[in-house]
Amino acid sequence: MTDHVVIVGGGMASVRLCEQLAGADVRLTVLADEPHAPYNRILLSAVLEGTYSADALTLRSPAWFGAQGIDLRLGARVLEIDREAREVVLVDGERVGYDRLVLATGSIPTLPPIRGLVRRDGALHPKVHAFRSLEDCTRLDASVSALVESPRAVVIGGGLLGLQVARALSVRGVLTEVVEGADHLLASQVGPAGGSVLARDLRRLGTDVYTGARAIRMTDDGVQLDNGALLPTDLVVLTAGGRPSTALARRAELMVGRGIVVDASLTSVTDERIHAIGDCAEHRRRTTGFVPPAWEQAEVLARVLRAEEATYDGLRSVARLRATGLDVAVLGDPRTAEGEVVEVTNPIAGSHRRLVVHGGRIVAAALVGDLSRVGLITQLYDRGTILGPDEPGQLLLPEADDAPAPLPDEAEVCACAGVSAGEVRACGSVAQCVDRTRATTGCGGCADVVRRLVGESGRAPVPVG
Amino acid sequence: MTTTHCPYCSLQCGMRLTGRRTPEVSAWEEFPVNRGALCRKGWSAAGLYGSRERLTSPLVRDRATGEWMAVTWDDALDRVAAGIRAAQAEKGPDGVAVFGGGGLTNEKAYSLGKFARVALGTSQIDYNGRWCMSSAASAGIRAFGLDRGLPFPLADVEEADVLVLVGSNLAETMPPAARHLDRLRARGGRVVVIDPRRTPTGDRADLVLQPVPGTDLALALGVLHLLVASGAVDEDYLAARTTGWADVRDSVAAWWPERVERVTGIEASEVRALAAMVGGPEARSARTPTTPSERPKVMVLTARGAEQHSTGSDTVLAWINVALALGMVGERGGGYGCLTGQGNGQGGREHGQKADQLPGYRRIDDPAARAHVAGVWGVEPDSLPGPGRSAYELLDACGTDDGPSAMLVLGSNIVVSAPNATQVTRRLEALDLLVVCDVVMSETAAIADVVLPVTQWAEETGTMTNLEGRVILRQKAITPPSGVRSDLDVIAGLAARLASPVEFATDPEEVFTELGRASEGGPADYSTITYDRIRDEGGVFWGGERLFGSTFAHPDGRARMYAVEHRGAAEVPDDDYPIHLTTGRVLAQYQSGAQTRRVRALPDDGPFVELHPSLAGRLGVVTGDQVRISTRRGSMTAPARVVTTIRPDTVFVPFHWVGTNRLTNDALDPASKMPEFKVCAASLVHVPLVEQAPLPAEHVPPLVEHVPPLVEQRGAPATSVSKPRLPA
């Protein structure tokens with residue numbers, strides 16, 4: 001008998017799970033509350049910025065789900081879970097039975113305690129925008145487009161999302177300010193040195209930054225900060241983080257901490273027929289807000305649902321800021337990771353890079369303002385490569401350029417014909433050289449060097465690099 | 001003086017030969033592909049002659065003593081035929097296998113395929129081309145309905161605005177081709193090279209990307225992602241000329257540059273730079289999509305670096321998708337092509353030495369194809385066997401209960417070139433009969449039961465099909481040594497002894513005419529090509545000079561796009577094997593080196609391990625130190641070469657010598673059956689001088705030095721007066 005797996009949520013973790021289960025012996029139903037086909041949420045700021053078209057974000061079309069035999073229901077909101085009957089109840093009263101239930105409900109934006117943010121009727125102040133869904137993005141985009149004459153925006157929250165949105169608005173020509181309650185930007189990823197490099201970069205790009213400052217009141221005039229400043233603005237975007245969406249799980253009396261508590265098989269510790277993945281899940285007292293761990297969880301759960309051995313350890317994460325003009329990569333948790341710290345800060349050039357090394361392995365890193373060799377550093381981190389004592393330091397130094405050296409007579413000039421510089425120098429002209437040695441007659445790459453070595457270029461023979 | 005073509009790579013450079021015994025090479029300026037240019041392998045090609053190691057008498061090895069004995073041709077062929085009959089009596093027709101090569105002429109490849117299917121009746125035939133460009137071939141057939149390495153003349157490269165070389169080091173592997181890069185750049189075009197090493201080809205590029213081995217596919221997905229995002233794709237072309245675009249478009253939505261960076265090790269900014277280059281100047285913003293007139297002409301060429309992976313055919317499909325999405329396939333100066341490797345890599349895959357194919361690039365499981373070919377051959381269609389095992393699967397089955405117990409090898413040096421070579425060599429040794437046709441005592445010949453000395457290159461006539469699908473003619477220029485026979489003679493001689501229902505021609509032109517009839521109406525149709533036309537026209541393209549201009553070879557005329565996913569290498573580094581190993585070529589050697597190592601003008605420095613100073617520092621190694629490199633399958637020791645041009649997490653070893661392929665992985669691509677030569681996990685240690693004692697016996701390469709001395713058969717015939725010699 002084929003199991004019926006019901007996934008609540010149509011976000012990135014959910015799609016990944018569907019992809020991994022395509023072709024497996026399970027019947028799949030996806031209950032997605034958003035009206036759009038599943039899309040790549042993390043690129044919303046690029047749509048706002050204008051570098052991406054919104055339809056480039058579609059991860060899988062409804063036709064794809066159909067072709068895989070997956071029942072995708074868009075705009076289907078789940079009201080409650082009836083664990084006894086093994087059914088979920090939709091808003092319209094329909095009940096959907098399950099053998100296995102996967103909660104991939106994601107997170108919901110945190111509403112900061114700002115007076116006036118929510119009006120008496122429960123709606124957000126008309127200038128206020130959240131930035132979580134495609135709908136949020138479309139609405140903000142429309143608002144930006146409608147603004148005329150030096151529009152202004154305030155972004156509340158100086159984390160990864162806040163910085164991406166701030167840069168996007170800035171690129172769109174909106175004068176943007178960022179308000180962050182902690183004493184520096186990206187406080188949950190980098191230390192003060194990295195945060196101050198970022199703040200400087202942002203200011204250079206025309207965005208003012210207020211750190212250690214909390215917005216306390218929203219009025220028609222603007223945003224009032226606790227330091228007394230009033231920031232007049234046309235728009236306010238809330239990017240102060242999110243919290244796992246756990247209401248369904250709580251009502252169903254599953255164990256919920258910050259998120260839905262799961263074991264290494266991503267199974268609820270309360271009900272073995274219920275699983276949770278992505279932002280809504282809590283594993284080893286940790287919740288995450290990034291795609292890579294959510295996908296890793298989806299891949300592990302797919303194997304669990306196929307009755308294969310698989311466990312989630314959630315050891316390695318990489319966070320990359322996607323914002324024009326700002327360079328940030330955070331590997332693991334460089335603030336708390338244990339180990340030796342190798343660090344280079346250059347406030348003049350605007351860079352701060354920190355590697356945390358334990359037992360020769362890079363266990364965490366923060367790279368701000370200079371991403372040279374980020375690809376290699378990430379590989380070494382992901383692979384757990386054991387480095388020699390000098391390597392972490394070398395990784396943070398500029399790469400040595402191969403200095404141009406004079407060509408010794410024995411150096412090979414023409415690889416095609418196997419001709420040395422000395423043999424070329426012994427010739428009186430290029431023609432003679434071709435005749436005697438066949439240099440330049442293969443790939444032709446040495447023609448310039450040969451000309452110079454025989455002195456036909458009008459210049460004296462010079463060293464070449 | 002004779003016009004002919006170089007004995008080595010798929011460029012098949014034209015050259016002139018003078019002299020009957022020891023030929024001299026001179027330029028053939030008129031031949032369009034190389035216009036007189038040659039690399040040192042070409043210039044020194046005549047050095048193949050006069051080698052003291054040349055075999056001139058059939059040899060038989062006594063299994064009990066290991067001694068070689070010179071025998072007459074009749075005796076040798078009788079023994080082979082008897083061995084074949086014994087194997088087939090025990091195991092049926094499939095008890096005998098045939099292994100061919102991508103260096104064989106079209107005539108030999110054709111005759112060999114026919115010999116297997118008609119004289120032997122075996123399905124067990126494949127060839128080393130499976131390890132060359134089969135991933136690109138499989139992808140080309142799926143995407144375009146047809147596989148011709150380059151569907152345009154190589155010189156079209158010069159007309160591109162952006163040329164993307166994925167896993168090609170053509171400046172070293174086919175040097176005269178690099179002249180096109182220079183002319184392209186002189187015109188203002190740009191060159192992109194994607195390779196874990198910065199090679200001499202990369203030195204001629206405007207953008208060099210050095211991905212983690214095995215991640216070219218993810219890079220292609222990332223490029224396509226950005227092209228979709230920025231509106232740089234050619235929707236009109238996609239709608240008119242392709243199917244499958246919608247799924248492909250959605251499948252790349254998950255490949256944003258930072259994710260590509262994490263997988264490939266290429267910085268997100270460089271992925272963006274590549275996408276902007278191929279997408280055109282305005283492709284940086286979705287709000288101002290590229291207009292057709294602004295689109296640069298983009299050409300993507302893949303080679304072994306991208307293809308020799310367990311995900312090789314999907315990788316090629318991903319790059320084909322990029323070329324299709326840009327509307328470039330069929331556009332002059334743009335599109336997709338594969339840079340085939342072996343001399344007759346193209347023709348070798350078209351005429352029936354592939355396990356699943358009949359001449360003309362026909363499928364052996366297609367009833368109409370079987371009927372046509374059987375008609376030309378004069379046999380019943382039902383008498384033809386079905387598809388057999390792919391190259392590695394075939395070798396891996398040798399000497400097993402289900403596999404063949406006898407094998408005939410032509411034009412291949414399996415012991416050096418097969419992946420996981422220790423295992424393959426063990427399988428060859430388990431055969432009851434191994435017969436090798438070769439010009440010297442190659443490493444594979446050295447473990448054979450019977451070695452048949454055959455003619456080579458300028459001693460014989462035959463056609464080759466170069467990397468652009470141009471059929472060219474190698475003409476006999478010199479007299480072969482007495483005692484050798486052509487492969488065609490060997491095939492005909494065995495067929496007669498095996499009571500083949502039909503005879504086999506030995507005159508190349510006659511064979512070519514028959515090949516033309518057998519290929520008629522197939523995807524690769526040679527029926528209108530003649531030796532005279534080839535001589536008159538500087539080679540003849542099968543299917544036309546340029547393909548896909550208005551239609552593709554699928555029944556609906558459209559190209560098919562497939563959504564492919566990155567799976568990564570079959571074996572990734574871990575604590576025990578923490579480094580990526582990749583393999584490739586050096587300029588002065590060709591393939592297993594059986595030819596080039598015997599040319600004195602070519603330097604033979606032996607294998608080496610190329611590694612980055614960071615890794616060298618970690619191991620305490622400097623250039624020249626011996627390092628031992630190990631994988632789950634074997635190990636070898638070679639001197640280190642410390643270079644800054646390779647990724648610090650990757651080492652490179654050239655594959656021309658015994659040992660390298662004992663390390664490589666035999667994981668196969670599910671579609672093409674290509675082994676994963678280009679990446680596996682390895683460990684590296686410094687071997688201090690005191691430890692550099694001789695290696696244990698199982699690590700000693702079976703070089704010719706270890707072949708037992710030759711014992712001349714008593715009363716050997718006059719033909720062996722030119723005493724068969726082996727090196728002391």
# chains A, B, ... in the order shown; residues from 1 in each chain; ligands from 1
call {"tool": "residues_around", "arguments": {"residues": "Trp28 (chain B)", "least_positions_apart": "6", "cutoff": "10 Å", "atoms": "only C-alpha atoms", "output": "JSON, numbers by chain"}}
result
{"B": [2, 3, 4, 5, 13, 14, 15, 16, 17, 34, 35, 36, 37, 38]}
call {"tool": "write_last_selection", "arguments": {"atoms": "C-alpha atoms", "output": "mmCIF file, in the first residue's frame"}}
result
data_model
loop_
_atom_site.group_PDB
_atom_site.id
_atom_site.type_symbol
_atom_site.label_atom_id
_atom_site.label_comp_id
_atom_site.auth_asym_id
_atom_site.auth_seq_id
_atom_site.Cartn_x
_atom_site.Cartn_y
_atom_site.Cartn_z
ATOM 1 C CA THR B 2 52.219 12.209 -50.957
ATOM 2 C CA THR B 3 49.613 14.346 -49.249
ATOM 3 C CA THR B 4 48.319 12.761 -46.071
ATOM 4 C CA HIS B 5 47.307 13.560 -42.517
ATOM 5 C CA CYS B 13 46.323 18.138 -39.909
ATOM 6 C CA GLY B 14 47.264 17.891 -43.536
ATOM 7 C CA MET B 15 50.954 17.255 -44.295
ATOM 8 C CA ARG B 16 53.195 16.133 -47.115
ATOM 9 C CA LEU B 17 55.460 13.106 -46.961
ATOM 10 C CA ASN B 34 45.693 23.592 -40.418
ATOM 11 C CA ARG B 35 47.065 25.519 -43.443
ATOM 12 C CA GLY B 36 50.519 24.073 -42.977
ATOM 13 C CA ALA B 37 50.724 24.447 -39.202
ATOM 14 C CA LEU B 38 51.757 21.398 -37.205
#
call {"tool": "select_by_dssp", "arguments": {"residues": "region 288-453 of chain A", "states": "alpha helix (DSSP H)", "output": "NGL selection string"}}
result
:A and (291-305 or 374-383 or 391-396 or 421-425 or 430-437 or 447-453)
call {"tool": "closest_atom_pairs", "arguments": {"of": "chain B", "to": "chain A", "cutoff": "8 Å", "atoms": "only C-alpha atoms", "output": "CSV"}}
result
residue,atom,partner,partner_atom,distance
B:Gly36,CA,A:Thr441,CA,7.8
B:Ala37,CA,A:Gly442,CA,5.0
B:Leu38,CA,A:Gly442,CA,4.6
B:Cys39,CA,A:Gly442,CA,4.4
B:Arg40,CA,A:Ala417,CA,4.4
B:Lys41,CA,A:Cys416,CA,7.8
B:Trp43,CA,A:Ala417,CA,7.7
B:Ala171,CA,A:Cys443,CA,6.4
B:Glu172,CA,A:Cys416,CA,7.8
B:Pro175,CA,A:Cys443,CA,4.3
B:Pro176,CA,A:Cys443,CA,4.2
B:Ala177,CA,A:Cys443,CA,6.6
B:Ala178,CA,A:Cys443,CA,5.2
B:Arg179,CA,A:Cys443,CA,5.4
B:His225,CA,A:Ala56,CA,7.9
B:Val228,CA,A:Ala56,CA,6.0
B:Ala229,CA,A:Tyr52,CA,4.5
B:Ser230,CA,A:Tyr52,CA,5.7
B:Gly231,CA,A:Ser53,CA,7.5
B:Asp247,CA,A:Trp64,CA,7.3
B:Arg249,CA,A:Ala56,CA,7.6
B:Asp250,CA,A:Leu59,CA,5.0
B:Ser251,CA,A:Leu59,CA,6.3
B:Val252,CA,A:Leu59,CA,7.7
B:Ala253,CA,A:Leu59,CA,5.4
B:Ala254,CA,A:Leu59,CA,6.4
B:Glu258,CA,A:Arg320,CA,6.6
B:Glu261,CA,A:Gly375,CA,5.9
B:Arg262,CA,A:Thr378,CA,6.4
B:Val263,CA,A:Gln379,CA,8.0
B:Thr264,CA,A:Gly375,CA,7.5
B:Gly265,CA,A:Gly375,CA,3.9
B:Ile266,CA,A:Gly375,CA,5.3
B:Glu267,CA,A:Gly375,CA,5.3
B:Arg284,CA,A:Thr51,CA,6.4
B:Ser285,CA,A:Thr51,CA,4.4
B:Ala286,CA,A:Thr51,CA,5.1
B:Arg287,CA,A:Gly50,CA,6.2
B:Pro573,CA,A:Arg383,CA,7.0
B:Asp574,CA,A:Arg383,CA,6.8
B:Asp575,CA,A:Thr385,CA,7.5
B:Pro578,CA,A:Thr385,CA,6.6
B:Leu587,CA,A:Cys416,CA,7.2
B:Ala588,CA,A:Cys416,CA,8.0
B:Ser614,CA,A:Glu391,CA,6.6
B:Gly617,CA,A:Gly388,CA,7.2
B:Arg618,CA,A:Gly388,CA,4.6
B:Asp649,CA,A:Leu380,CA,7.9
call {"tool": "atom_distance", "arguments": {"atom1": "CA of Ala518 (chain B)", "atom2": "CA of Gln342 (chain B)"}}
result
23.5 Å
call {"tool": "select_by_dssp", "arguments": {"residues": "region 279-429 of chain B", "states": "strand (DSSP E or B)", "output": "list of chain:residue names"}}
result
B:Val298, B:Met299, B:Val300, B:Leu301, B:Thr302, B:Gly335, B:Tyr336, B:Gly337, B:Cys338, B:Gln357, B:Leu358, B:Arg362, B:Arg363, B:Ala406, B:Met407, B:Leu408, B:Val409, B:Leu410
call {"tool": "atom_distance", "arguments": {"atom1": "CA of His372 (chain B)", "atom2": "CA of Glu514 (chain B)"}}
result
12.5 Å
call {"tool": "residues_around", "arguments": {"residues": "region 254-265 of chain A", "least_positions_apart": "4", "cutoff": "6 Å", "atoms": "only C-alpha atoms", "output": "PyMOL selection string"}}
result
chain A and resi 244+249-250+269-270+280-283+311-312
call {"tool": "write_last_selection", "arguments": {"atoms": "N, CA and C atoms", "output": "JSON list (two decimals), in the first residue's frame"}}
result
[["chain", "number", "residue", "atom", "x", "y", "z"],
["A", 244, "PRO", "N", 9.62, 30.95, 13.47],
["A", 244, "PRO", "CA", 9.05, 29.75, 12.85],
["A", 244, "PRO", "C", 7.53, 29.78, 12.95],
["A", 249, "ALA", "N", 1.18, 23.38, 14.61],
["A", 249, "ALA", "CA", 1.80, 22.34, 15.43],
["A", 249, "ALA", "C", 1.42, 22.52, 16.90],
["A", 250, "ARG", "N", 1.41, 23.76, 17.34],
["A", 250, "ARG", "CA", 1.02, 24.01, 18.73],
["A", 250, "ARG", "C", -0.40, 23.54, 19.00],
["A", 269, "VAL", "N", 9.15, 14.83, 17.74],
["A", 269, "VAL", "CA", 9.40, 13.99, 18.90],
["A", 269, "VAL", "C", 8.10, 13.57, 19.57],
["A", 270, "THR", "N", 7.00, 14.17, 19.14],
["A", 270, "THR", "CA", 5.68, 13.85, 19.73],
["A", 270, "THR", "C", 4.92, 12.81, 18.91],
["A", 280, "CYS", "N", 10.58, 26.16, 9.94],
["A", 280, "CYS", "CA", 9.66, 25.90, 11.05],
["A", 280, "CYS", "C", 10.19, 24.81, 11.98],
["A", 281, "ALA", "N", 11.27, 24.13, 11.59],
["A", 281, "ALA", "CA", 11.74, 22.98, 12.36],
["A", 281, "ALA", "C", 12.82, 23.39, 13.37],
["A", 282, "GLU", "N", 12.85, 22.70, 14.48],
["A", 282, "GLU", "CA", 13.90, 22.92, 15.47],
["A", 282, "GLU", "C", 14.61, 21.60, 15.71],
["A", 283, "HIS", "N", 15.91, 21.61, 15.45],
["A", 283, "HIS", "CA", 16.71, 20.40, 15.59],
["A", 283, "HIS", "C", 17.88, 20.73, 16.51],
["A", 311, "THR", "N", 20.32, 10.57, 8.34],
["A", 311, "THR", "CA", 20.15, 11.47, 9.48],
["A", 311, "THR", "C", 20.69, 12.84, 9.12],
["A", 312, "TYR", "N", 20.14, 13.83, 9.81],
["A", 312, "TYR", "CA", 20.52, 15.21, 9.56],
["A", 312, "TYR", "C", 21.45, 15.65, 10.66]]
call {"tool": "closest_residue", "arguments": {"among": "A:Val342, A:Val26, A:Ile108, A:Val15", "to": "Ser245 (chain A)", "atoms": "only C-alpha atoms"}}
result
A:Ile108
